[in-house]
Number of protein chains: 2
Amino acid sequence: MEKEGAITERLRALREEMRRRKLTAYIVPTDDFHSSEYVGDYFKAREYLSGFTGSAGTFLVETDRAALWTDGRYFLQAQEQLASSGITLMKSGQPGVPSMLDYLGEKLVDGDVIGFDGRCVTGAFVEKLKETTAKKKIAFYGEEDLAGLVWKDRPPLSAEPVWELSAEDVGLSREEKFAKVREKMAKKGADAFLTTELSEIAWLLNLRGNDVTHTPVFLAYLLLARDGVVLCAQKDAFSQKIREKLEGAGVCLHPYESIEEQVALLPAGTRLLADERKVNYRLLQAIPKGVERVSGESPIELLKAVKTPREIANIRSAHVKDGVAVTRFVHWLKTRVGQETVTEIRAAAKLEEFRSETEGYLGPSFDPIIAYGAHGAIVHYEAVPETDAVLEPRGLCLADTGGHYKEGTTDITRTIVLGEVTAEERKAYTLVLKGHLRLGAAKFLQGVCGQNLDVLAREPLWREGLDYRHGTGHGVGFLLSVHEGPQSFRWRISKEAACVPLEEGMILSNEPGFYMTGKFGIRHENLVLVRKGEKNDYGQFMYLEPLTMVPFDREAIEMSLMNGEEICLLDAYHQKVYETIAPYLSGEELAWLEKATAPLRVE
Amino acid sequence: MEKEGAITERLRALREEMRRRKLTAYIVPTDDFHSSEYVGDYFKAREYLSGFTGSAGTFLVETDRAALWTDGRYFLQAQEQLASSGITLMKSGQPGVPSMLDYLGEKLVDGDVIGFDGRCVTGAFVEKLKETTAKKKIAFYGEEDLAGLVWKDRPPLSAEPVWELSAEDVGLSREEKFAKVREKMAKKGADAFLTTELSEIAWLLNLRGNDVTHTPVFLAYLLLARDGVVLCAQKDAFSQKIREKLEGAGVCLHPYESIEEQVALLPAGTRLLADERKVNYRLLQAIPKGVERVSGESPIELLKAVKTPREIANIRSAHVKDGVAVTRFVHWLKTRVGQETVTEIRAAAKLEEFRSETEGYLGPSFDPIIAYGAHGAIVHYEAVPETDAVLEPRGLCLADTGGHYKEGTTDITRTIVLGEVTAEERKAYTLVLKGHLRLGAAKFLQGVCGQNLDVLAREPLWREGLDYRHGTGHGVGFLLSVHEGPQSFRWRISKEAACVPLEEGMILSNEPGFYMTGKFGIRHENLVLVRKGEKNDYGQFMYLEPLTMVPFDREAIEMSLMNGEEICLLDAYHQKVYETIAPYLSGEELAWLEKATAPLRVE
C-alpha cells in the first residue's frame with residue numbers, strides 16, 4: 001500500500017497538469033490499451049495515483065475532490081488502502097451510490113472538460129459518457145496520458161520473449177484458425193476484423209508471451225483481412241524463427257505503436273468488424289471515413305471458449321499436476337500450522353514452491369488469495385506485509401489460487417480447516433458445499449445457459465436468507481486469461497450481456513461462497529468441463545465434468561445438513577480424486593489423501 | 001372432428017376464391033382481431049377449414065397443397081384430426097421441419113401473392129413475412145377475409161352483456177387505472193395508447209363480458225389519450241347504467257367496427273404507443289401519416305400482472321371454493337371408477353357439476369382435460385365422443401381443469417390414481433412431484449426471473465435424461481385469461497421475449513409434467529402467488545405461496561425417490577390443504593381428505 005504522503009503529492013502534480021489544460025475532471029481507469037483484465041506494470045496508473053491495488057476500479061480526479069469506484073469484491077480492501085488518503089470510496093452497486101457516469105452527469109456544468117487517456121477506455125465507454133452528459137455542453141479530451149506525465153520512474157513497456165504453441169498442443173494451426181474466423185466474418189459481411197484483445201491475438205496465432213501480469217500474452221494489435229493479417233507488436237520480442245513462421249502464414253509484423261496508422265490505411269469501402277466494447281477510443285477514432293464499421297462481438301470469442309480435444313487432454317493433465325501440488329500444500333498446511341509459524345504470505349510461498357516443483361509450471365494465473373479467518377471475508381484479499389496474519393490451529397483458511405502450466409490454466413479454491421470451527425462456520429461451509437455439489441451434478445439440455453443453472457448453487461444459501469455477492473462461475477482460458485467469456489454461471493439476466501448456451505468443450509469455474517465480514521469466508525471452487533451426455537427424443541443432454549482434483553476438507557462438514565444424494569456426490573468426487581492423484585503421492589501425503597477421500601458414510 | 005368430405009369441399013371453395021384473386025397462398029391463423037388466445041366461434045376459421053380443433057396452429061392453403069403448423073402440445077391430437085384430410089401436419093420446432101415463414105421464404109417465387117385477413121395477423125407477423133420474402137418480388141393481400149366468404153352458416157359476432165366489477169372487487173377504480181397507465185405513457189413519451197387486447201381493455205375498465213371462449217371479456221378496441229378514452233365496442237352489450245358510468249369516467253363509446261376510423265382521426269403530431277406484436281396489421285395500416293408510432297410493450301401488461309391486495313384476497317377465496325369442488329371430484333372419481341361406468345366426458349361433466357354447486361362460479365377457464373391412461377400423454381387432450389374412454393380401476397387419470405369465479409380464476413392439474421400403477425408410472429409421478437415441490441419451495445432474491453428458477457422443476461427429470469415439452473408455468477389473470485404474461489417459468493432465454501423479474505403479487509402456475517406417448521401422462525399443477533419474504537443485507541427475498549388447495553394423490557408416490565426435505569414439503573402442503581378446506585367437507589369426503597392429507601412419514 002502507498003503512504004498517503006506520496007499519493008497527495010502525485011495528485012497535486014496531476015491536478016497541476018489538469019489545470020494547465022483546463023480539465024475539470026480526469027478519469028484514470030484500470031485498463032491498459034487492450035481492455036485486459038490484468039495489466040502490466042507500465043499500465044498501473046490507477047494504482048500509482050490512488051494507492052488502491054485491486055484488479056477493478058475507476059479513479060476520478062477533480063480539482064477539489066478525488067473518488068474511486070470499485071465493486072463488492074473490493075469494498076473492504078479499498079477501505080483499508082484508501083484510509084486517510086483523502087480519496088472517497090464509492091461502493092458500486094450499493095443503494096444510494098451513483099455510478100461514476102451518473103455522478104458526472106449530475107455534477108458537470110456547461111463548459112466543463114473531461115480528460116482521459118483515449119487508449120485506456122473503450123469506444124463504448126466514451127459513447128456512454130457522451131450520452132450521460134448529452135444535455136450539457138461538455139468537451140472531451142482523450143489525446144494525452146496525464147498520468148504518464150506525472151509518473152516518476154514509470155516501468156517501461158514490457159517486451160518479454162514471445163513463444164510458440166505447436167498445432168499439436170492446441171489442435172488447430174493458425175491457418176486453420178484464420179479460416180474459421182474469416183468464415184464468421186463473412187457471415188457478418190465484414191472484410192476485415194480488428195482485435196485489440198491480447199488473449200484473442202495469442203489464441204489466433206498460437207503464440208504466448210509474458211507482458212501482462214498473470215496472463216501469458218504479449219502486447220499486440222491485430223487486423224485480420226480477407227487476404228492477409230497485420231500484427232502490430234514489439235518486433236524484438238519475436239525470435240527470427242517465429243517471425244518467419246508468421247510470414248509463412250501471411251502475417252505482416254509492424255511496430256506496436258503503428259496500429260493507428262495501419263487502421264488509417266484501410267481502403268475506402270472496407271467493412272471493418274470492430275467491437276466498440278473492446279476496442280479503445282483512440283483506435284476507433286483512427287478508422288477512416290470511407291470505412292464502414294460493423295459492430296458486434298468478436299468472431300474469436302466463442303471459438304476460443306470452446307476448447308479442442310487436444311486442449312482438453314492437455315488441460316486434464318495440467319489439473320492432475322495442480323491437484324498433486326495443491327493436495328500436498330493442504331496436507332502441509334494442516335500438519336504445520338500450530339507446529340511452526342505459518343503466515344498467509346509464507347503459506348502462499350509454500351504453495352508456489354509445490355507448484356514450481358512441477359514440470360511445465362509457468363507461474364500463477366492470478367494473485368494467490370491465502371486468507372485466514374476474517375481475511376477470508378475479503379473476497380479478493382491479497383496478503384501484504386501490513387496485513388499478513390499468522391495461521392492459528394483453529395478456524396478456516398480460504399485458499400483461492402491458480403497456475404499456468406504448459407498444458408493449461410488452473411483455478412481452485414479450498415477452504416481449509418485448521419482446527420476447531422464454530423457451528424456458524426460449519427453450517428456455512430456445508431451450505432456452500434451443497435450448492436457446489438448440486439451445480440456440479442447438473443444435467444441439462446443443450447441450449448441451457450449459465451443463468452439457468454446458477455440457482456442450483458445458490459439455493460441452499462437462499463433458503464436460509466443468505467447469499468454471496470459475486471457470480472458463481474466464470475469461463476477459463478487455455479493458457480490465457482483465467483477469466484474468459486462469454487460463458488458464465490450467474491443469475492442476473494441483463495440486456496447488455498447476452499446469455500450464452502453452454503457448449504461442449506467450454507470450461508467454467510463452479511465457486512459459490514459465503515462471507516461473514518469480520519469473521520470468516522468460505523468458497524468451494526472446482527473447474528468443470530461442459531460435456532455432451534446422452535442424446536434422446538428430448539434432445540442433447542449435457543453435464544459437467546470436474547477437472548480439479550483436490551479433496552474438500554471434510555472436517556467442517558455438518559452431516560445433519562447433507563442429504564443422501566449430496567453425500568454420494570461428494571464421495572464419488574473424492575474417489576475420483578484419489579484414483580487420479582494417489583499414483584503421484586507417497587508416504588505421509590498418500591496416507592493423508594486416503595483418509596481425506598474416504599467415503600463420508602463410513603464415519 | 002370434421003369429416004374429411006366436408007374439409008375437402010371447404011378447401012375447394014377457398015381455392016376457388018384464391019384463384020379469382022390470383023393468390024398463390026392463403027394464411028389462416030388461429031387469431032381473432034385481438035390476438036386473443038382463445039377465440040369466439042365467429043373467429044374459428046382455421047378450425048372450420050382444417051378440422052383441427054387445437055388452440056394453437058397456422059393453416060396454409062396453397063393451390064396444390066395444404067399444411068398445418070402446430071406445436072408439441074398438439075402433435076398427437078393434430079395427427080388424429082388431420083388423418084386422411086390430405087392436410088400435411090408440420091410439427092413446429094422438430095428437427096428438419098421449417099417454420100411456415102421459412103417454408104414460404106423457400107417456396108415462393110417472383111410474382112406470387114400471399115393472402116390473409118389483415119385483421120387476424122399482427123403487424124409484427126407481416127413484417128417478418130416481408131423480411132423472409134424480401135429477396136423476391138412477393139405481393140401481400142390483407143384486405144379480405146376469404147374464409148368468411150366460403151364459410152356457410154358462420155356464427156354471428158358474439159355480443160353478450162357486459163358486466164361490472166366494483167372498485168372494491170379489484171382494489172382500483174378505472175380512473176385510478178387510467179392515471180397509472182397515463183403515467184407510464186408519459187415515461188415513454190406517448191400522447192395516446194392503442195390496445196386491442198381484450199383482457200387489457202376489460203382490466204382497464206373494470207368490466208367483464210362473455211364474447212370469447214373461456215375468457216370473461218368483450219369484443220372491443222380502446223384508444224387512451226391524455227384527455228379522454230375512446231372505446232370501440234358493441235353498444236347493445238352495455239347497459240344504460242354502465243354506459244353512463246363510462247361517460248362519467250371520460251370514456252366515449254363508439255361502434256366496434258369504427259376503430260379504424262377512430263385511429264385515422266388521430267391528430268398529426270400525436271405520438272401513438274401501439275405494440276406491433278399485438279395490434280393487427282389492418283389497424284396499424286390505418287394510422288395516419290402525421291402520427292408517430294411509439295413501439296414497445298403495453299403499459300397495462302405489468303400493471304395487470306401484479307395483483308392488488310383486494311384481488312389477492314378474492315383469489316384466495318376462489319381457490320378455497322375450487323379446492324373443495326376438485327377435492328370432492330377426486331374423491332368421487334376414486335370411489336366410483338370400477339363401480340359404475342365413468343368416461344372422460346362423464347367425469348368432466350361431474351367436475352363441472354361440483355364447481356357449479358359453488359356460489360359465484362361462472363364457468364370453465366379453459367376446456368377441461370380429463371385424460372385417462374394413454375390420453376394423458378396428449379398434452380392438451382380434449383375428450384370428444386370419438387375418443388371418450390371408459391376409466392378403469394387401474395392406471396392414472398390426468399385432470400387439468402380450471403374455473404372462473406366472481407373472486408378470480410383457477411387452474412389446477414392433479415394426476416389421479418385409479419388403481420394399480422406400473423413402476424414406470426410410479427417413478428415418473430414421483431420425479432415430477434419432486435420438481436413441483438422444489439420449485440414451489442423456491443426462495444430467491446428480488447430481480448430473479450422465471451428463467452432462473454425453471455431448472456428447479458426440471459432437474460429431477462433431467463437427471464434421468466427425461467423432460468417435458470412445455471413451459472413449467474404461465475401467469476394467470478384475475479377473472480381474465482387463464483394464460484397471462486409477461487411472467488412465466490421456462491428455461492429458454494430468447495432475445496424476443498424479455499425476461500421479467502418475479503414481482504410480489506404476480507400469480508403463476510407451477511406445472512411440470514412427464515408424458516409417455518401411448519402409455520400415460522403426468523402433470524402436477526398448483527397456482528402460486530409471488531410474495532416478499534425477509535429483507536436483509538443481501539437484498540429482498542421472495543417466495544411462492546401455493547393458492548391451489550387440493551391434495552396430491554399419495555398412492556403413486558415412490559417413497560424411495562423422495563428425500564426427507566421433499567417429504568416435509570409435501571406434508572406441510574397437505575396439512576395446509578386440510579386446514580383450509582376441511583371446514584367445507586363432511587362425512588365420507590371429510591374422512592377421505594383426512595387420509596389423503598395425512599403425513600407421509602406415518603406410513
# chains A, B, ... in the order shown; residues from 1 in each chain; ligands from 1
>>> closest_atom_pairs(of="chain A", to="chain B", cutoff="6 Å", atoms="only C-alpha atoms", output="tab-separated table")
residue	atom	partner	partner_atom	distance
A:Lys443	CA	B:Arg463	CA	5.5
A:Phe444	CA	B:Trp462	CA	5.9
A:Asn452	CA	B:Asn452	CA	4.8
A:Trp462	CA	B:Lys443	CA	5.9
A:Arg463	CA	B:Lys443	CA	5.5
>>> residues_around(residues="Val150 (chain A)", least_positions_apart="3", cutoff="8 Å", atoms="only C-alpha atoms", output="ChimeraX atom specification")
/A:10,13-14,146-147
>>> closest_residue(among="B:Asp41, B:Glu197, B:Glu555, B:Asp153", to="Leu480 (chain B)", atoms="only C-alpha atoms")
B:Glu197
>>> residues_around(residues="His375 (chain B)", least_positions_apart="2", cutoff="8 Å", atoms="only C-alpha atoms", output="list in words")
Ala371, Tyr372, Gly373, Ala377, Ile378, Tyr381, Gly518, Lys519, Phe520 and Gly521 of chain B
>>> write_last_selection(atoms="C-alpha atoms", output="PDB file, in the first residue's frame")
ATOM      1  CA  ALA B 371     -57.299 -37.729 -19.934  1.00  0.00           C
ATOM      2  CA  TYR B 372     -57.203 -41.387 -18.941  1.00  0.00           C
ATOM      3  CA  GLY B 373     -54.149 -43.589 -19.491  1.00  0.00           C
ATOM      4  CA  ALA B 377     -49.756 -38.114 -22.976  1.00  0.00           C
ATOM      5  CA  ILE B 378     -51.687 -35.773 -25.295  1.00  0.00           C
ATOM      6  CA  TYR B 381     -56.217 -33.571 -24.940  1.00  0.00           C
ATOM      7  CA  GLY B 518     -49.176 -44.330 -25.946  1.00  0.00           C
ATOM      8  CA  LYS B 519     -48.883 -45.087 -22.243  1.00  0.00           C
ATOM      9  CA  PHE B 520     -49.591 -42.332 -19.718  1.00  0.00           C
ATOM     10  CA  GLY B 521     -49.217 -38.667 -18.846  1.00  0.00           C
TER      11      GLY B 521
END
>>> atom_distance(atom1="CA of Leu391 (chain B)", atom2="CA of Leu593 (chain B)")
22.0 Å
>>> residues_around(residues="Leu207 (chain A)", least_positions_apart="2", cutoff="7 Å", atoms="only C-alpha atoms", output="PyMOL selection string")
chain A and resi 162-165+202-203+205+209
>>> write_last_selection(atoms="N, CA, C and O atoms", output="compact mmCIF listing (two decimals), in the first residue's frame")
# COMPACT_ATOMS: atom_id res chain seq x y z
N VAL A 162 8.33 -13.75 -27.02
CA VAL A 162 7.13 -14.47 -27.44
C VAL A 162 7.51 -15.92 -27.73
O VAL A 162 8.57 -16.18 -28.29
N TRP A 163 6.69 -16.86 -27.29
CA TRP A 163 6.98 -18.27 -27.56
C TRP A 163 5.78 -18.94 -28.21
O TRP A 163 4.69 -18.37 -28.25
N GLU A 164 6.00 -20.14 -28.71
CA GLU A 164 5.02 -20.74 -29.61
C GLU A 164 4.41 -22.01 -29.03
O GLU A 164 5.07 -22.77 -28.32
N LEU A 165 3.13 -22.19 -29.30
CA LEU A 165 2.47 -23.47 -29.03
C LEU A 165 2.32 -24.18 -30.36
O LEU A 165 1.93 -23.57 -31.35
N ALA A 202 -3.23 -13.90 -29.05
CA ALA A 202 -2.38 -15.05 -28.68
C ALA A 202 -3.04 -16.35 -29.14
O ALA A 202 -2.39 -17.23 -29.70
N TRP A 203 -4.36 -16.46 -28.93
CA TRP A 203 -5.07 -17.68 -29.33
C TRP A 203 -4.98 -17.86 -30.84
O TRP A 203 -4.66 -18.94 -31.33
N LEU A 205 -2.88 -16.78 -33.04
CA LEU A 205 -1.56 -17.02 -33.62
C LEU A 205 -0.84 -18.22 -33.00
O LEU A 205 0.28 -18.53 -33.38
N GLY A 209 3.14 -15.07 -24.56
CA GLY A 209 4.18 -14.14 -24.14
C GLY A 209 4.16 -13.98 -22.63
O GLY A 209 3.68 -14.88 -21.91
>>> residues_around(residues="His436 (chain B)", least_positions_apart="3", cutoff="12 Å", atoms="only C-alpha atoms", output="count of residues only")
43
>>> select_by_dssp(residues="region 153-220 of chain B", states="strand (DSSP E)", output="VMD selection string")
chain B and resid 163 to 164 192 to 195 207 to 208 220
>>> closest_residue(among="A:Arg554, A:Arg154, A:Arg346, A:Arg310", to="Phe43 (chain A)", atoms="only C-alpha atoms")
A:Arg154
>>> residues_around(residues="Gly338 (chain B)", least_positions_apart="5", cutoff="9 Å", atoms="only C-alpha atoms", output="list in words")
Leu391, Glu392, Pro393, Arg394 and Leu418 of chain B
>>> decode(residues="region 517-537 of chain B", atoms="N, CA, C and O atoms", output="PDB file, in the first residue's frame")
ATOM      1  N   THR B 517     -45.749 -41.289 -24.625  1.00  0.00           N
ATOM      2  CA  THR B 517     -46.714 -41.473 -25.713  1.00  0.00           C
ATOM      3  C   THR B 517     -47.244 -42.906 -25.747  1.00  0.00           C
ATOM      4  O   THR B 517     -46.472 -43.849 -25.635  1.00  0.00           O
ATOM      5  N   GLY B 518     -48.556 -43.014 -25.854  1.00  0.00           N
ATOM      6  CA  GLY B 518     -49.176 -44.330 -25.946  1.00  0.00           C
ATOM      7  C   GLY B 518     -49.333 -45.024 -24.611  1.00  0.00           C
ATOM      8  O   GLY B 518     -49.918 -46.106 -24.536  1.00  0.00           O
ATOM      9  N   LYS B 519     -48.806 -44.417 -23.552  1.00  0.00           N
ATOM     10  CA  LYS B 519     -48.883 -45.087 -22.243  1.00  0.00           C
ATOM     11  C   LYS B 519     -49.592 -44.245 -21.173  1.00  0.00           C
ATOM     12  O   LYS B 519     -50.670 -44.591 -20.714  1.00  0.00           O
ATOM     13  N   PHE B 520     -48.996 -43.120 -20.811  1.00  0.00           N
ATOM     14  CA  PHE B 520     -49.591 -42.332 -19.718  1.00  0.00           C
ATOM     15  C   PHE B 520     -49.053 -40.906 -19.745  1.00  0.00           C
ATOM     16  O   PHE B 520     -48.077 -40.607 -20.442  1.00  0.00           O
ATOM     17  N   GLY B 521     -49.679 -40.032 -19.004  1.00  0.00           N
ATOM     18  CA  GLY B 521     -49.217 -38.667 -18.846  1.00  0.00           C
ATOM     19  C   GLY B 521     -49.349 -38.247 -17.402  1.00  0.00           C
ATOM     20  O   GLY B 521     -50.274 -38.683 -16.711  1.00  0.00           O
ATOM     21  N   ILE B 522     -48.400 -37.419 -16.954  1.00  0.00           N
ATOM     22  CA  ILE B 522     -48.415 -36.955 -15.572  1.00  0.00           C
ATOM     23  C   ILE B 522     -48.191 -35.458 -15.565  1.00  0.00           C
ATOM     24  O   ILE B 522     -47.344 -34.946 -16.295  1.00  0.00           O
ATOM     25  N   ARG B 523     -48.970 -34.729 -14.758  1.00  0.00           N
ATOM     26  CA  ARG B 523     -48.727 -33.305 -14.546  1.00  0.00           C
ATOM     27  C   ARG B 523     -49.221 -32.971 -13.151  1.00  0.00           C
ATOM     28  O   ARG B 523     -50.271 -33.463 -12.726  1.00  0.00           O
ATOM     29  N   HIS B 524     -48.439 -32.178 -12.430  1.00  0.00           N
ATOM     30  CA  HIS B 524     -48.829 -31.720 -11.093  1.00  0.00           C
ATOM     31  C   HIS B 524     -48.833 -30.203 -11.126  1.00  0.00           C
ATOM     32  O   HIS B 524     -47.790 -29.597 -11.327  1.00  0.00           O
ATOM     33  N   GLU B 525     -49.999 -29.606 -10.955  1.00  0.00           N
ATOM     34  CA  GLU B 525     -50.092 -28.151 -11.081  1.00  0.00           C
ATOM     35  C   GLU B 525     -50.795 -27.477  -9.918  1.00  0.00           C
ATOM     36  O   GLU B 525     -51.929 -27.824  -9.584  1.00  0.00           O
ATOM     37  N   ASN B 526     -50.098 -26.528  -9.312  1.00  0.00           N
ATOM     38  CA  ASN B 526     -50.688 -25.571  -8.382  1.00  0.00           C
ATOM     39  C   ASN B 526     -50.497 -24.179  -8.962  1.00  0.00           C
ATOM     40  O   ASN B 526     -49.533 -23.946  -9.685  1.00  0.00           O
ATOM     41  N   LEU B 527     -51.396 -23.251  -8.624  1.00  0.00           N
ATOM     42  CA  LEU B 527     -51.098 -21.842  -8.855  1.00  0.00           C
ATOM     43  C   LEU B 527     -50.375 -21.319  -7.619  1.00  0.00           C
ATOM     44  O   LEU B 527     -50.674 -21.726  -6.495  1.00  0.00           O
ATOM     45  N   VAL B 528     -49.388 -20.452  -7.861  1.00  0.00           N
ATOM     46  CA  VAL B 528     -48.605 -19.892  -6.749  1.00  0.00           C
ATOM     47  C   VAL B 528     -48.619 -18.373  -6.839  1.00  0.00           C
ATOM     48  O   VAL B 528     -48.682 -17.799  -7.927  1.00  0.00           O
ATOM     49  N   LEU B 529     -48.539 -17.742  -5.679  1.00  0.00           N
ATOM     50  CA  LEU B 529     -48.504 -16.288  -5.570  1.00  0.00           C
ATOM     51  C   LEU B 529     -47.092 -15.867  -5.168  1.00  0.00           C
ATOM     52  O   LEU B 529     -46.532 -16.425  -4.229  1.00  0.00           O
ATOM     53  N   VAL B 530     -46.518 -14.905  -5.912  1.00  0.00           N
ATOM     54  CA  VAL B 530     -45.190 -14.396  -5.561  1.00  0.00           C
ATOM     55  C   VAL B 530     -45.332 -13.437  -4.382  1.00  0.00           C
ATOM     56  O   VAL B 530     -46.147 -12.513  -4.429  1.00  0.00           O
ATOM     57  N   ARG B 531     -44.574 -13.695  -3.334  1.00  0.00           N
ATOM     58  CA  ARG B 531     -44.658 -12.849  -2.130  1.00  0.00           C
ATOM     59  C   ARG B 531     -43.278 -12.397  -1.669  1.00  0.00           C
ATOM     60  O   ARG B 531     -42.278 -13.037  -1.987  1.00  0.00           O
ATOM     61  N   LYS B 532     -43.254 -11.303  -0.940  1.00  0.00           N
ATOM     62  CA  LYS B 532     -41.997 -10.837  -0.358  1.00  0.00           C
ATOM     63  C   LYS B 532     -41.721 -11.575   0.942  1.00  0.00           C
ATOM     64  O   LYS B 532     -42.630 -11.756   1.763  1.00  0.00           O
ATOM     65  N   GLY B 533     -40.475 -12.004   1.110  1.00  0.00           N
ATOM     66  CA  GLY B 533     -40.052 -12.619   2.366  1.00  0.00           C
ATOM     67  C   GLY B 533     -39.174 -11.636   3.125  1.00  0.00           C
ATOM     68  O   GLY B 533     -39.351 -10.433   3.026  1.00  0.00           O
ATOM     69  N   GLU B 534     -38.186 -12.172   3.818  1.00  0.00           N
ATOM     70  CA  GLU B 534     -37.346 -11.287   4.630  1.00  0.00           C
ATOM     71  C   GLU B 534     -36.513 -10.369   3.731  1.00  0.00           C
ATOM     72  O   GLU B 534     -36.172 -10.709   2.604  1.00  0.00           O
ATOM     73  N   LYS B 535     -36.190  -9.194   4.269  1.00  0.00           N
ATOM     74  CA  LYS B 535     -35.278  -8.270   3.606  1.00  0.00           C
ATOM     75  C   LYS B 535     -34.079  -8.115   4.526  1.00  0.00           C
ATOM     76  O   LYS B 535     -34.241  -7.861   5.720  1.00  0.00           O
ATOM     77  N   ASN B 536     -32.886  -8.340   3.986  1.00  0.00           N
ATOM     78  CA  ASN B 536     -31.693  -8.200   4.822  1.00  0.00           C
ATOM     79  C   ASN B 536     -30.539  -7.646   3.985  1.00  0.00           C
ATOM     80  O   ASN B 536     -30.756  -7.146   2.872  1.00  0.00           O
ATOM     81  N   ASP B 537     -29.329  -7.738   4.496  1.00  0.00           N
ATOM     82  CA  ASP B 537     -28.165  -7.151   3.790  1.00  0.00           C
ATOM     83  C   ASP B 537     -28.028  -7.692   2.376  1.00  0.00           C
ATOM     84  O   ASP B 537     -27.454  -7.033   1.496  1.00  0.00           O
TER      85      ASP B 537
END
